[in-house]
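work04.csv follows (CSV, C-alpha atoms):
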chain,number,residue,atom,x,y,z
A,1,MET,CA,90.3,-83.1,-33.8
A,2,MET,CA,89.6,-85.2,-30.7
A,3,ARG,CA,92.6,-86.9,-29.2
A,4,ALA,CA,93.0,-89.9,-26.9
A,5,GLN,CA,94.3,-88.2,-23.8
A,6,LEU,CA,95.9,-90.3,-21.0
A,7,ILE,CA,94.2,-89.5,-17.7
A,8,GLY,CA,95.1,-92.5,-15.5
A,9,VAL,CA,97.7,-95.3,-15.1
A,10,GLY,CA,97.7,-98.4,-13.0
A,11,ALA,CA,99.9,-101.5,-12.5
A,12,TYR,CA,99.9,-104.7,-10.6
A,13,LEU,CA,102.7,-107.2,-9.9
A,14,PRO,CA,102.1,-110.5,-8.1
A,15,PRO,CA,103.8,-110.7,-4.7
A,16,GLN,CA,106.0,-113.7,-5.4
A,17,ARG,CA,109.5,-112.5,-6.5
A,18,VAL,CA,111.7,-115.1,-8.0
A,19,ASP,CA,115.4,-114.1,-8.4
A,20,ASN,CA,118.0,-115.7,-10.6
A,21,ALA,CA,119.5,-117.7,-7.7
A,22,MET,CA,116.1,-119.3,-7.1
A,23,LEU,CA,115.9,-120.3,-10.8
A,24,ALA,CA,119.4,-121.7,-10.6
A,25,GLU,CA,118.1,-124.3,-8.1
A,26,ARG,CA,116.0,-125.9,-10.8
A,27,LEU,CA,117.9,-124.9,-14.0
A,28,ASP,CA,121.5,-125.3,-15.3
A,29,THR,CA,122.1,-121.5,-15.0
A,30,ASN,CA,123.4,-118.9,-12.6
A,31,ASP,CA,122.8,-115.2,-11.8
A,32,GLU,CA,125.9,-113.9,-13.7
A,33,TRP,CA,124.9,-115.9,-16.9
A,34,ILE,CA,121.4,-114.5,-16.9
A,35,ARG,CA,122.3,-110.9,-16.1
A,36,GLN,CA,125.0,-110.8,-18.7
A,37,ARG,CA,122.8,-112.0,-21.5
A,38,THR,CA,119.5,-110.4,-20.5
A,39,GLY,CA,119.9,-107.8,-17.8
A,40,ILE,CA,117.2,-109.7,-15.7
A,41,ALA,CA,117.7,-110.1,-12.0
A,42,ALA,CA,114.2,-111.2,-11.0
A,43,ARG,CA,110.7,-111.6,-12.1
A,44,ARG,CA,107.2,-112.0,-10.5
A,45,ILE,CA,105.2,-115.1,-10.7
A,46,ALA,CA,101.4,-115.3,-10.1
A,47,ALA,CA,100.1,-117.5,-7.4
A,48,PRO,CA,98.4,-120.7,-8.5
A,49,GLU,CA,95.0,-119.3,-7.8
A,50,GLN,CA,95.7,-116.0,-9.6
A,51,LEU,CA,94.4,-115.7,-13.2
A,52,THR,CA,95.2,-113.2,-15.8
A,53,SER,CA,91.8,-111.4,-15.2
A,54,ASP,CA,92.8,-111.1,-11.5
A,55,LEU,CA,96.0,-109.3,-12.4
A,56,ALA,CA,94.2,-107.2,-15.0
A,57,THR,CA,91.5,-106.2,-12.5
A,58,GLU,CA,94.0,-105.0,-10.0
A,59,ALA,CA,95.7,-102.8,-12.6
A,60,ALA,CA,92.4,-101.5,-13.9
A,61,ARG,CA,91.2,-100.5,-10.4
A,62,ALA,CA,94.5,-98.7,-9.8
A,63,ALA,CA,94.2,-96.9,-13.2
A,64,LEU,CA,90.6,-95.8,-12.5
A,65,LYS,CA,91.5,-94.5,-9.1
A,66,ASN,CA,94.5,-92.6,-10.6
A,67,ALA,CA,92.1,-91.2,-13.2
A,68,GLY,CA,89.5,-90.2,-10.7
A,69,ILE,CA,86.7,-91.8,-12.5
A,70,ASP,CA,84.2,-94.6,-11.9
A,71,ALA,CA,84.1,-97.8,-13.9
A,72,ALA,CA,80.6,-96.8,-15.0
A,73,ALA,CA,82.1,-94.0,-17.1
A,74,LEU,CA,83.9,-96.5,-19.4
A,75,ASP,CA,82.5,-97.2,-22.8
A,76,ARG,CA,85.2,-99.6,-23.9
A,77,ILE,CA,87.5,-102.1,-22.1
A,78,ILE,CA,90.3,-103.7,-24.1
A,79,VAL,CA,92.6,-106.4,-22.7
A,80,ALA,CA,95.8,-107.2,-24.6
A,81,THR,CA,96.8,-110.7,-23.6
A,82,THR,CA,98.2,-114.0,-25.0
A,83,THR,CA,97.3,-115.8,-21.7
A,84,PRO,CA,93.5,-115.5,-21.3
A,85,ASP,CA,91.7,-117.1,-18.4
A,86,ARG,CA,89.6,-119.1,-20.9
A,87,THR,CA,89.3,-119.7,-24.6
A,88,PHE,CA,86.1,-117.7,-24.2
A,89,PRO,CA,84.6,-115.4,-23.0
A,90,ALA,CA,87.1,-112.6,-23.4
A,91,THR,CA,89.3,-111.8,-20.4
A,92,ALA,CA,88.0,-108.2,-20.8
A,93,ALA,CA,84.5,-109.3,-20.2
A,94,LEU,CA,85.6,-111.0,-16.9
A,95,VAL,CA,87.3,-107.7,-15.9
A,96,GLN,CA,84.2,-105.8,-16.8
A,97,ALA,CA,82.1,-107.8,-14.4
A,98,LYS,CA,84.7,-107.6,-11.6
A,99,ILE,CA,85.0,-103.8,-11.8
A,100,GLY,CA,81.3,-103.1,-12.5
A,101,ALA,CA,81.7,-101.4,-15.8
A,102,ALA,CA,78.2,-102.1,-17.0
A,103,ASN,CA,78.2,-99.5,-19.8
A,104,ALA,CA,81.3,-100.7,-21.6
A,105,ALA,CA,81.8,-103.0,-24.6
A,106,ALA,CA,84.6,-105.4,-23.6
A,107,PHE,CA,87.0,-107.5,-25.8
A,108,ASP,CA,90.5,-108.9,-26.1
A,109,ILE,CA,93.2,-108.4,-28.6
A,110,GLN,CA,96.2,-110.7,-29.2
A,111,ALA,CA,99.5,-109.6,-30.6
A,112,VAL,CA,101.7,-111.1,-27.9
A,113,CYS,CA,104.4,-108.6,-26.7
A,114,SER,CA,103.1,-106.0,-29.1
A,115,GLY,CA,99.5,-106.3,-27.8
A,116,PHE,CA,99.5,-103.1,-25.8
A,117,LEU,CA,100.9,-101.1,-28.8
A,118,TYR,CA,98.2,-102.6,-31.0
A,119,GLY,CA,95.7,-101.6,-28.3
A,120,LEU,CA,97.0,-98.0,-28.3
A,121,SER,CA,96.5,-97.9,-32.1
A,122,LEU,CA,92.9,-99.1,-31.6
A,123,VAL,CA,92.2,-96.6,-28.8
A,124,GLU,CA,93.4,-93.8,-31.0
A,125,ALA,CA,91.1,-94.9,-33.8
A,126,LEU,CA,88.1,-95.4,-31.5
A,127,ILE,CA,88.4,-91.9,-30.0
A,128,GLN,CA,89.2,-90.1,-33.2
A,129,SER,CA,86.3,-91.6,-35.0
A,130,GLY,CA,83.9,-90.7,-32.1
A,131,GLN,CA,83.0,-94.4,-31.4
A,132,ALA,CA,84.3,-94.1,-27.8
A,133,LYS,CA,84.9,-91.4,-25.3
A,134,THR,CA,86.5,-93.2,-22.3
A,135,VAL,CA,88.6,-96.3,-22.8
A,136,LEU,CA,90.4,-98.6,-20.4
A,137,LEU,CA,93.3,-100.4,-22.1
A,138,ILE,CA,95.0,-103.2,-20.1
A,139,GLY,CA,98.0,-105.4,-20.9
A,140,ALA,CA,97.9,-108.5,-18.6
A,141,GLU,CA,99.8,-111.7,-18.8
A,142,THR,CA,100.6,-114.9,-16.8
A,143,MET,CA,103.4,-115.9,-19.2
A,144,THR,CA,105.0,-118.2,-16.7
A,145,ARG,CA,102.1,-120.6,-17.3
A,146,LEU,CA,103.5,-121.1,-20.9
A,147,LEU,CA,107.1,-121.9,-19.9
A,148,ASP,CA,109.0,-125.1,-20.2
A,149,TRP,CA,110.9,-124.9,-16.9
A,150,THR,CA,113.6,-127.2,-18.3
A,151,ASP,CA,114.5,-124.8,-21.1
A,152,ARG,CA,116.9,-122.2,-19.7
A,153,GLY,CA,116.8,-120.2,-22.9
A,154,THR,CA,113.2,-119.2,-22.2
A,155,ALA,CA,112.4,-120.0,-18.6
A,156,ILE,CA,114.7,-117.2,-17.4
A,157,LEU,CA,113.1,-114.5,-19.4
A,158,PHE,CA,109.4,-114.2,-18.5
A,159,GLY,CA,107.3,-112.9,-15.7
A,160,ASP,CA,103.7,-112.1,-14.8
A,161,GLY,CA,102.0,-108.8,-14.3
A,162,ALA,CA,99.5,-106.2,-15.6
A,163,GLY,CA,99.4,-102.5,-16.5
A,164,ALA,CA,96.5,-100.3,-17.5
A,165,PHE,CA,95.8,-96.9,-19.1
A,166,VAL,CA,92.6,-94.9,-19.0
A,167,PHE,CA,92.0,-92.6,-22.0
A,168,LYS,CA,89.4,-89.9,-22.4
A,169,ALA,CA,88.5,-87.9,-25.5
A,170,GLY,CA,89.7,-84.3,-25.4
A,171,GLN,CA,91.0,-81.4,-27.4
A,172,GLY,CA,94.4,-79.7,-27.3
A,173,ASP,CA,98.0,-80.7,-27.7
A,174,ALA,CA,98.0,-83.6,-25.2
A,175,GLY,CA,97.2,-87.2,-26.2
A,176,ILE,CA,98.2,-89.8,-28.7
A,177,LEU,CA,100.0,-88.1,-31.5
A,178,ALA,CA,100.7,-91.1,-33.7
A,179,THR,CA,100.7,-94.9,-33.8
A,180,ARG,CA,102.2,-97.4,-36.2
A,181,ILE,CA,101.8,-101.2,-36.1
A,182,HIS,CA,103.2,-104.0,-38.3
A,183,SER,CA,103.4,-107.7,-38.6
A,184,ASP,CA,105.2,-110.3,-40.6
A,185,GLY,CA,103.8,-113.8,-40.3
A,186,ARG,CA,106.7,-115.4,-42.2
A,187,HIS,CA,108.6,-115.4,-38.9
A,188,ALA,CA,105.8,-116.9,-36.8
A,189,GLY,CA,107.9,-120.0,-36.0
A,190,GLU,CA,110.7,-118.0,-34.5
A,191,LEU,CA,108.7,-117.1,-31.3
A,192,THR,CA,105.7,-119.3,-30.8
A,193,THR,CA,104.0,-122.0,-28.7
A,194,ASP,CA,104.0,-125.6,-29.7
A,195,GLY,CA,100.2,-125.9,-29.0
A,196,GLY,CA,96.9,-124.1,-29.1
A,197,ALA,CA,93.2,-124.6,-28.6
A,198,SER,CA,92.6,-126.0,-32.1
A,199,GLN,CA,95.4,-128.5,-31.4
A,200,GLY,CA,93.8,-129.6,-28.2
A,201,THR,CA,96.6,-128.3,-25.9
A,202,ILE,CA,97.9,-125.1,-24.5
A,203,GLY,CA,101.5,-125.7,-25.5
A,204,THR,CA,104.8,-124.2,-24.2
A,205,LEU,CA,106.8,-121.3,-25.4
A,206,ARG,CA,109.6,-121.9,-28.0
A,207,MET,CA,112.0,-119.3,-29.3
A,208,ASN,CA,114.9,-118.9,-31.7
A,209,GLY,CA,116.7,-116.3,-29.6
A,210,LYS,CA,119.2,-115.1,-32.2
A,211,GLU,CA,116.6,-114.4,-34.8
A,212,VAL,CA,114.3,-112.7,-32.4
A,213,PHE,CA,117.1,-110.5,-31.2
A,214,ARG,CA,118.1,-109.5,-34.7
A,215,HIS,CA,114.6,-108.7,-35.9
A,216,ALA,CA,113.8,-106.9,-32.6
A,217,VAL,CA,116.7,-104.5,-32.9
A,218,GLN,CA,115.9,-103.7,-36.6
A,219,ASN,CA,112.1,-103.5,-36.3
A,220,LEU,CA,112.1,-101.5,-33.1
A,221,SER,CA,114.6,-99.0,-34.5
A,222,ASP,CA,112.6,-98.6,-37.6
A,223,VAL,CA,109.3,-98.1,-35.9
A,224,ALA,CA,110.7,-95.6,-33.5
A,225,MET,CA,111.7,-93.4,-36.4
A,226,GLU,CA,108.6,-94.1,-38.3
A,227,THR,CA,106.2,-93.2,-35.5
A,228,CYS,CA,108.1,-90.0,-34.6
A,229,ALA,CA,108.0,-88.9,-38.2
A,230,ALA,CA,104.2,-89.6,-38.3
A,231,ALA,CA,103.8,-87.4,-35.2
A,232,GLY,CA,105.8,-84.7,-36.9
A,233,LEU,CA,108.5,-84.8,-34.3
A,234,PRO,CA,112.3,-85.4,-34.4
A,235,LEU,CA,113.6,-88.1,-32.2
A,236,ASN,CA,115.4,-85.6,-30.0
A,237,ALA,CA,112.0,-84.2,-29.1
A,238,VAL,CA,111.3,-87.4,-27.2
A,239,ASP,CA,111.5,-86.9,-23.4
A,240,TRP,CA,111.2,-90.6,-22.6
A,241,LEU,CA,111.5,-93.9,-24.4
A,242,VAL,CA,109.4,-96.7,-22.9
A,243,PRO,CA,110.5,-99.8,-24.7
A,244,HIS,CA,109.3,-103.4,-24.4
A,245,GLN,CA,111.2,-104.9,-21.5
A,246,ALA,CA,112.5,-108.1,-23.1
A,247,ASN,CA,116.2,-107.8,-22.9
A,248,ALA,CA,118.5,-105.1,-21.8
A,249,ARG,CA,120.9,-105.6,-24.7
A,250,ILE,CA,118.0,-105.1,-27.2
A,251,ILE,CA,117.1,-101.8,-25.5
A,252,GLU,CA,120.7,-100.6,-25.5
A,253,GLN,CA,121.2,-101.4,-29.2
A,254,VAL,CA,117.9,-99.8,-30.3
A,255,ALA,CA,118.7,-96.7,-28.3
A,256,GLN,CA,122.1,-96.4,-29.9
A,257,ARG,CA,120.7,-96.8,-33.4
A,258,VAL,CA,118.0,-94.1,-33.0
A,259,GLY,CA,120.2,-91.7,-30.9
A,260,ILE,CA,118.2,-91.7,-27.6
A,261,PRO,CA,120.5,-91.4,-24.6
A,262,ALA,CA,120.3,-93.9,-21.7
A,263,GLU,CA,119.1,-91.2,-19.3
A,264,LYS,CA,115.9,-90.9,-21.4
A,265,ILE,CA,115.0,-94.6,-21.3
A,266,ILE,CA,112.7,-96.2,-18.8
A,267,VAL,CA,114.1,-99.7,-18.0
A,268,THR,CA,112.5,-102.1,-15.6
A,269,VAL,CA,113.5,-105.4,-17.2
A,270,SER,CA,115.9,-106.1,-14.3
A,271,GLU,CA,113.0,-106.6,-11.8
A,272,HIS,CA,110.1,-107.5,-14.1
A,273,GLY,CA,111.6,-109.7,-16.8
A,274,ASN,CA,109.6,-110.0,-20.0
A,275,THR,CA,105.9,-109.6,-19.1
A,276,SER,CA,104.7,-109.6,-22.8
A,277,ALA,CA,101.7,-107.3,-23.3
A,278,ALA,CA,102.1,-106.0,-19.8
A,279,SER,CA,105.6,-104.9,-20.3
A,280,VAL,CA,105.2,-101.4,-21.7
A,281,PRO,CA,102.4,-100.2,-19.3
A,282,LEU,CA,104.2,-101.7,-16.3
A,283,ALA,CA,107.4,-99.7,-17.1
A,284,PHE,CA,105.4,-96.6,-17.9
A,285,ALA,CA,103.5,-96.9,-14.6
A,286,GLU,CA,106.7,-97.0,-12.6
A,287,ALA,CA,107.9,-93.7,-14.2
A,288,TRP,CA,104.5,-92.2,-14.0
A,289,TYR,CA,104.2,-92.8,-10.2
A,290,ASP,CA,107.8,-91.8,-9.3
A,291,GLY,CA,107.4,-88.5,-11.1
A,292,ARG,CA,109.8,-88.9,-14.0
A,293,ILE,CA,107.0,-88.7,-16.6
A,294,LYS,CA,105.4,-85.3,-16.3
A,295,PRO,CA,102.6,-83.2,-18.0
A,296,GLY,CA,103.7,-81.7,-21.3
A,297,GLN,CA,106.4,-84.4,-22.0
A,298,VAL,CA,106.6,-86.5,-25.1
A,299,VAL,CA,106.8,-90.3,-24.6
A,300,LEU,CA,107.7,-92.9,-27.2
A,301,CYS,CA,106.5,-96.4,-26.5
A,302,GLU,CA,107.4,-99.4,-28.6
A,303,ALA,CA,107.3,-103.2,-28.6
A,304,MET,CA,107.9,-106.3,-30.7
A,305,GLY,CA,106.6,-109.8,-30.2
A,306,GLY,CA,105.7,-113.2,-31.7
A,307,GLY,CA,104.1,-113.1,-35.1
A,308,PHE,CA,106.4,-111.2,-35.6
A,309,THR,CA,104.4,-108.1,-34.6
A,310,TRP,CA,105.7,-104.7,-33.7
A,311,GLY,CA,104.5,-101.2,-33.1
A,312,GLY,CA,105.1,-97.7,-31.8
A,313,CYS,CA,103.2,-94.9,-30.2
A,314,VAL,CA,104.0,-91.3,-29.5
A,315,LEU,CA,102.0,-89.4,-26.9
A,316,ARG,CA,102.1,-86.1,-25.2
A,317,ILE,CA,101.2,-86.2,-21.6
Before anything else, please render the file you have as structure tokens.
Amino acid sequence: MMRAQLIGVGAYLPPQRVDNAMLAERLDTNDEWIRQRTGIAARRIAAPEQLTSDLATEAARAALKNAGIDAAALDRIIVATTTPDRTFPATAALVQAKIGAANAAAFDIQAVCSGFLYGLSLVEALIQSGQAKTVLLIGAETMTRLLDWTDRGTAILFGDGAGAFVFKAGQGDAGILATRIHSDGRHAGELTTDGGASQGTIGTLRMNGKEVFRHAVQNLSDVAMETCAAAGLPLNAVDWLVPHQANARIIEQVAQRVGIPAEKIIVTVSEHGNTSAASVPLAFAEAWYDGRIKPGQVVLCEAMGGGFTWGGCVLRI
């Protein structure tokens, strides 16, 4: 059986770093209040002229360089985003043109913070079915464009950025071992925007924080166990957990429930905030480049977002 094997990783964060003290100048909040409730100390904000496709392109170029392949080798480009440059064409098509990937089919997927996990599930299916051999998957967001900067409950949480993986079909033990994705639209109103293209407005982000927290802990715990079982591995076989970087308290509670010790968890929420679909690949990229994630290791990724949507992926490097 052909597996989707990870051969390259890339990331991009906008230069502008906004710490909690800077937010306190415009919001009724302070550094201690934000850190205590979320674990976030700072986030990156895209420059006014930077679009989601610009961030995605930088991450894509870094991933292709890391993989040692040319963009012409790609046959699929998938961008997971909830903040596309335009209603259409797809942000992936814009990235395709910028990197010169003339041989690829390019399209977007939208599952908010779970978008990259949904993308991993799709990559697995495309490669196992033989429909694709080399796939670029990108999670890219400019979430700060959706914020109500007078709402301290949401304005403190989100940041901008992009992360990218390159997969190639191959045989052997390495690659995606299992993916599982879920959704429950009954909870769509708990984490949403109050507008959209068919309503004639972009809208701003709205969230019922207590309900999102409760469902996140339960759903992420469940999908971690489900995905490891599908891969035929016990949770103690996981070398690294790379969770969605939404809230440090969620990460801690999920880890306690599933029995993964803190020293096996990649946490970047302090500096990145919640970058939605970019969250997991950005955190993964940090550990990939600093050498924590190594060949032969088993990595569990998971995320939950608006919809609700949630998913998990187990891969062997």
**Study point:** Contacts of range 56-66 of chain A within 9 Å, all atoms listed in the file, excl. fewer than 2 positions in-chain, as a ChimeraX atom specification
**Key:** /A:7-13,51-54,68-71,79,91-92,94-96,98-99,136-141,161-166
Export of the given selection (C-alpha atoms) as a CSV table (one decimal), in the coordinates of the input:
chain,number,residue,atom,x,y,z
A,7,ILE,CA,94.2,-89.5,-17.7
A,8,GLY,CA,95.1,-92.5,-15.5
A,9,VAL,CA,97.7,-95.3,-15.1
A,10,GLY,CA,97.7,-98.4,-13.0
A,11,ALA,CA,99.9,-101.5,-12.5
A,12,TYR,CA,99.9,-104.7,-10.6
A,13,LEU,CA,102.7,-107.2,-9.9
A,51,LEU,CA,94.4,-115.7,-13.2
A,52,THR,CA,95.2,-113.2,-15.8
A,53,SER,CA,91.8,-111.4,-15.2
A,54,ASP,CA,92.8,-111.1,-11.5
A,68,GLY,CA,89.5,-90.2,-10.7
A,69,ILE,CA,86.7,-91.8,-12.5
A,70,ASP,CA,84.2,-94.6,-11.9
A,71,ALA,CA,84.1,-97.8,-13.9
A,79,VAL,CA,92.6,-106.4,-22.7
A,91,THR,CA,89.3,-111.8,-20.4
A,92,ALA,CA,88.0,-108.2,-20.8
A,94,LEU,CA,85.6,-111.0,-16.9
A,95,VAL,CA,87.3,-107.7,-15.9
A,96,GLN,CA,84.2,-105.8,-16.8
A,98,LYS,CA,84.7,-107.6,-11.6
A,99,ILE,CA,85.0,-103.8,-11.8
A,136,LEU,CA,90.4,-98.6,-20.4
A,137,LEU,CA,93.3,-100.4,-22.1
A,138,ILE,CA,95.0,-103.2,-20.1
A,139,GLY,CA,98.0,-105.4,-20.9
A,140,ALA,CA,97.9,-108.5,-18.6
A,141,GLU,CA,99.8,-111.7,-18.8
A,161,GLY,CA,102.0,-108.8,-14.3
A,162,ALA,CA,99.5,-106.2,-15.6
A,163,GLY,CA,99.4,-102.5,-16.5
A,164,ALA,CA,96.5,-100.3,-17.5
A,165,PHE,CA,95.8,-96.9,-19.1
A,166,VAL,CA,92.6,-94.9,-19.0
Point to revise | Selected residue of minimal separation from Ile176 in chain A among A:Thr38, A:Thr154, A:Ser121, A:Ser114, counting only C-alpha atoms | key: A:Ser121
Review point. Please, what distance in Å, to one decimal, runs between CA of Pro234 in chain A and CA of Ala169 in chain A?
Key: 25.5 Å
**Study point:** Between CA of Arg206 in chain A and CA of Gly185 in chain A - distance in Å to one decimal
**Key:**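 For CA of Gly185 in chain A relative to CA of Arg206 in chain A, the distance reads 15.8 Å.
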Exercise for review: Find the residues near Trp240 in chain A: any atom within 8 Å, counting all atoms listed in the file, skip ones fewer than 2 places away on the same chain, and give them as a PyMOL selection string.
Suggested key: chain A and resi 238+242+264-266+293+297-300
Quick one: residues within 6 Å of Ala42 in chain A, only C-alpha atoms, excluding same-chain residues fewer than 6 positions away - as a PDB file with C-alpha atoms, keeping the file's coordinate frame?
ATOM      1  CA  VAL A  18     111.700-115.100  -8.000  1.00  0.00           C
ATOM      2  CA  ASP A  19     115.400-114.100  -8.400  1.00  0.00           C
ATOM      3  CA  ASN A  20     118.000-115.700 -10.600  1.00  0.00           C
ATOM      4  CA  GLU A 271     113.000-106.600 -11.800  1.00  0.00           C
TER       5      GLU A 271
END
Point to revise | Radius query 12 Å about (100.6, -124.8, -15.9), atoms used: only C-alpha atoms, as a PyMOL selection string | key: chain A and resi 45-51+83+142-149+201-205
Mind rebuilding range 139-164 of chain A with N, CA and C atoms and writing that out as a PDB file, in the frame of the given file?
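Contents of out05.pdb, as written:
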ATOM      1  N   GLY A 139      97.118-104.300 -20.427  1.00  0.00           N
ATOM      2  CA  GLY A 139      98.000-105.400 -20.900  1.00  0.00           C
ATOM      3  C   GLY A 139      98.230-106.283 -19.671  1.00  0.00           C
ATOM      4  N   ALA A 140      97.860-107.545 -19.797  1.00  0.00           N
ATOM      5  CA  ALA A 140      97.900-108.500 -18.600  1.00  0.00           C
ATOM      6  C   ALA A 140      98.386-109.834 -19.110  1.00  0.00           C
ATOM      7  N   GLU A 141      99.298-110.434 -18.355  1.00  0.00           N
ATOM      8  CA  GLU A 141      99.800-111.700 -18.800  1.00  0.00           C
ATOM      9  C   GLU A 141     100.205-112.593 -17.544  1.00  0.00           C
ATOM     10  N   THR A 142     100.000-113.897 -17.721  1.00  0.00           N
ATOM     11  CA  THR A 142     100.600-114.900 -16.800  1.00  0.00           C
ATOM     12  C   THR A 142     101.487-115.791 -17.709  1.00  0.00           C
ATOM     13  N   MET A 143     102.537-115.179 -18.213  1.00  0.00           N
ATOM     14  CA  MET A 143     103.400-115.900 -19.200  1.00  0.00           C
ATOM     15  C   MET A 143     104.110-117.075 -18.591  1.00  0.00           C
ATOM     16  N   THR A 144     104.303-117.093 -17.279  1.00  0.00           N
ATOM     17  CA  THR A 144     105.000-118.200 -16.700  1.00  0.00           C
ATOM     18  C   THR A 144     104.222-119.526 -16.813  1.00  0.00           C
ATOM     19  N   ARG A 145     102.924-119.428 -17.125  1.00  0.00           N
ATOM     20  CA  ARG A 145     102.100-120.600 -17.300  1.00  0.00           C
ATOM     21  C   ARG A 145     102.430-121.298 -18.673  1.00  0.00           C
ATOM     22  N   LEU A 146     103.130-120.586 -19.554  1.00  0.00           N
ATOM     23  CA  LEU A 146     103.500-121.100 -20.900  1.00  0.00           C
ATOM     24  C   LEU A 146     104.899-121.648 -20.956  1.00  0.00           C
ATOM     25  N   LEU A 147     105.638-121.587 -19.846  1.00  0.00           N
ATOM     26  CA  LEU A 147     107.100-121.900 -19.900  1.00  0.00           C
ATOM     27  C   LEU A 147     107.360-123.380 -19.739  1.00  0.00           C
ATOM     28  N   ASP A 148     108.399-123.809 -20.436  1.00  0.00           N
ATOM     29  CA  ASP A 148     109.000-125.100 -20.200  1.00  0.00           C
ATOM     30  C   ASP A 148     110.145-124.857 -19.223  1.00  0.00           C
ATOM     31  N   TRP A 149     109.957-125.267 -17.992  1.00  0.00           N
ATOM     32  CA  TRP A 149     110.900-124.900 -16.900  1.00  0.00           C
ATOM     33  C   TRP A 149     112.204-125.727 -17.032  1.00  0.00           C
ATOM     34  N   THR A 150     112.352-126.567 -18.068  1.00  0.00           N
ATOM     35  CA  THR A 150     113.600-127.200 -18.300  1.00  0.00           C
ATOM     36  C   THR A 150     114.435-126.535 -19.398  1.00  0.00           C
ATOM     37  N   ASP A 151     113.847-125.523 -20.030  1.00  0.00           N
ATOM     38  CA  ASP A 151     114.500-124.800 -21.100  1.00  0.00           C
ATOM     39  C   ASP A 151     115.044-123.479 -20.588  1.00  0.00           C
ATOM     40  N   ARG A 152     116.350-123.449 -20.301  1.00  0.00           N
ATOM     41  CA  ARG A 152     116.900-122.200 -19.700  1.00  0.00           C
ATOM     42  C   ARG A 152     116.910-121.052 -20.640  1.00  0.00           C
ATOM     43  N   GLY A 153     116.807-121.310 -21.940  1.00  0.00           N
ATOM     44  CA  GLY A 153     116.800-120.200 -22.900  1.00  0.00           C
ATOM     45  C   GLY A 153     115.540-119.364 -22.841  1.00  0.00           C
ATOM     46  N   THR A 154     114.437-119.934 -22.339  1.00  0.00           N
ATOM     47  CA  THR A 154     113.200-119.200 -22.200  1.00  0.00           C
ATOM     48  C   THR A 154     112.699-119.027 -20.796  1.00  0.00           C
ATOM     49  N   ALA A 155     112.956-120.022 -19.951  1.00  0.00           N
ATOM     50  CA  ALA A 155     112.400-120.000 -18.600  1.00  0.00           C
ATOM     51  C   ALA A 155     112.955-118.827 -17.768  1.00  0.00           C
ATOM     52  N   ILE A 156     114.136-118.342 -18.116  1.00  0.00           N
ATOM     53  CA  ILE A 156     114.700-117.200 -17.400  1.00  0.00           C
ATOM     54  C   ILE A 156     114.167-115.870 -17.734  1.00  0.00           C
ATOM     55  N   LEU A 157     113.428-115.805 -18.844  1.00  0.00           N
ATOM     56  CA  LEU A 157     113.100-114.500 -19.400  1.00  0.00           C
ATOM     57  C   LEU A 157     111.794-113.884 -18.967  1.00  0.00           C
ATOM     58  N   PHE A 158     110.804-114.702 -18.628  1.00  0.00           N
ATOM     59  CA  PHE A 158     109.400-114.200 -18.500  1.00  0.00           C
ATOM     60  C   PHE A 158     108.926-114.059 -17.110  1.00  0.00           C
ATOM     61  N   GLY A 159     107.987-113.127 -16.962  1.00  0.00           N
ATOM     62  CA  GLY A 159     107.300-112.900 -15.700  1.00  0.00           C
ATOM     63  C   GLY A 159     105.864-112.577 -15.895  1.00  0.00           C
ATOM     64  N   ASP A 160     105.141-112.394 -14.804  1.00  0.00           N
ATOM     65  CA  ASP A 160     103.700-112.100 -14.800  1.00  0.00           C
ATOM     66  C   ASP A 160     103.437-110.701 -14.318  1.00  0.00           C
ATOM     67  N   GLY A 161     102.343-110.105 -14.790  1.00  0.00           N
ATOM     68  CA  GLY A 161     102.000-108.800 -14.300  1.00  0.00           C
ATOM     69  C   GLY A 161     100.904-108.153 -15.193  1.00  0.00           C
ATOM     70  N   ALA A 162     100.496-106.942 -14.833  1.00  0.00           N
ATOM     71  CA  ALA A 162      99.500-106.200 -15.600  1.00  0.00           C
ATOM     72  C   ALA A 162      99.660-104.724 -15.440  1.00  0.00           C
ATOM     73  N   GLY A 163      99.381-104.001 -16.517  1.00  0.00           N
ATOM     74  CA  GLY A 163      99.400-102.500 -16.500  1.00  0.00           C
ATOM     75  C   GLY A 163      98.183-102.018 -17.245  1.00  0.00           C
ATOM     76  N   ALA A 164      97.720-100.827 -16.888  1.00  0.00           N
ATOM     77  CA  ALA A 164      96.500-100.300 -17.500  1.00  0.00           C
ATOM     78  C   ALA A 164      96.580 -98.790 -17.668  1.00  0.00           C
TER      79      ALA A 164
END
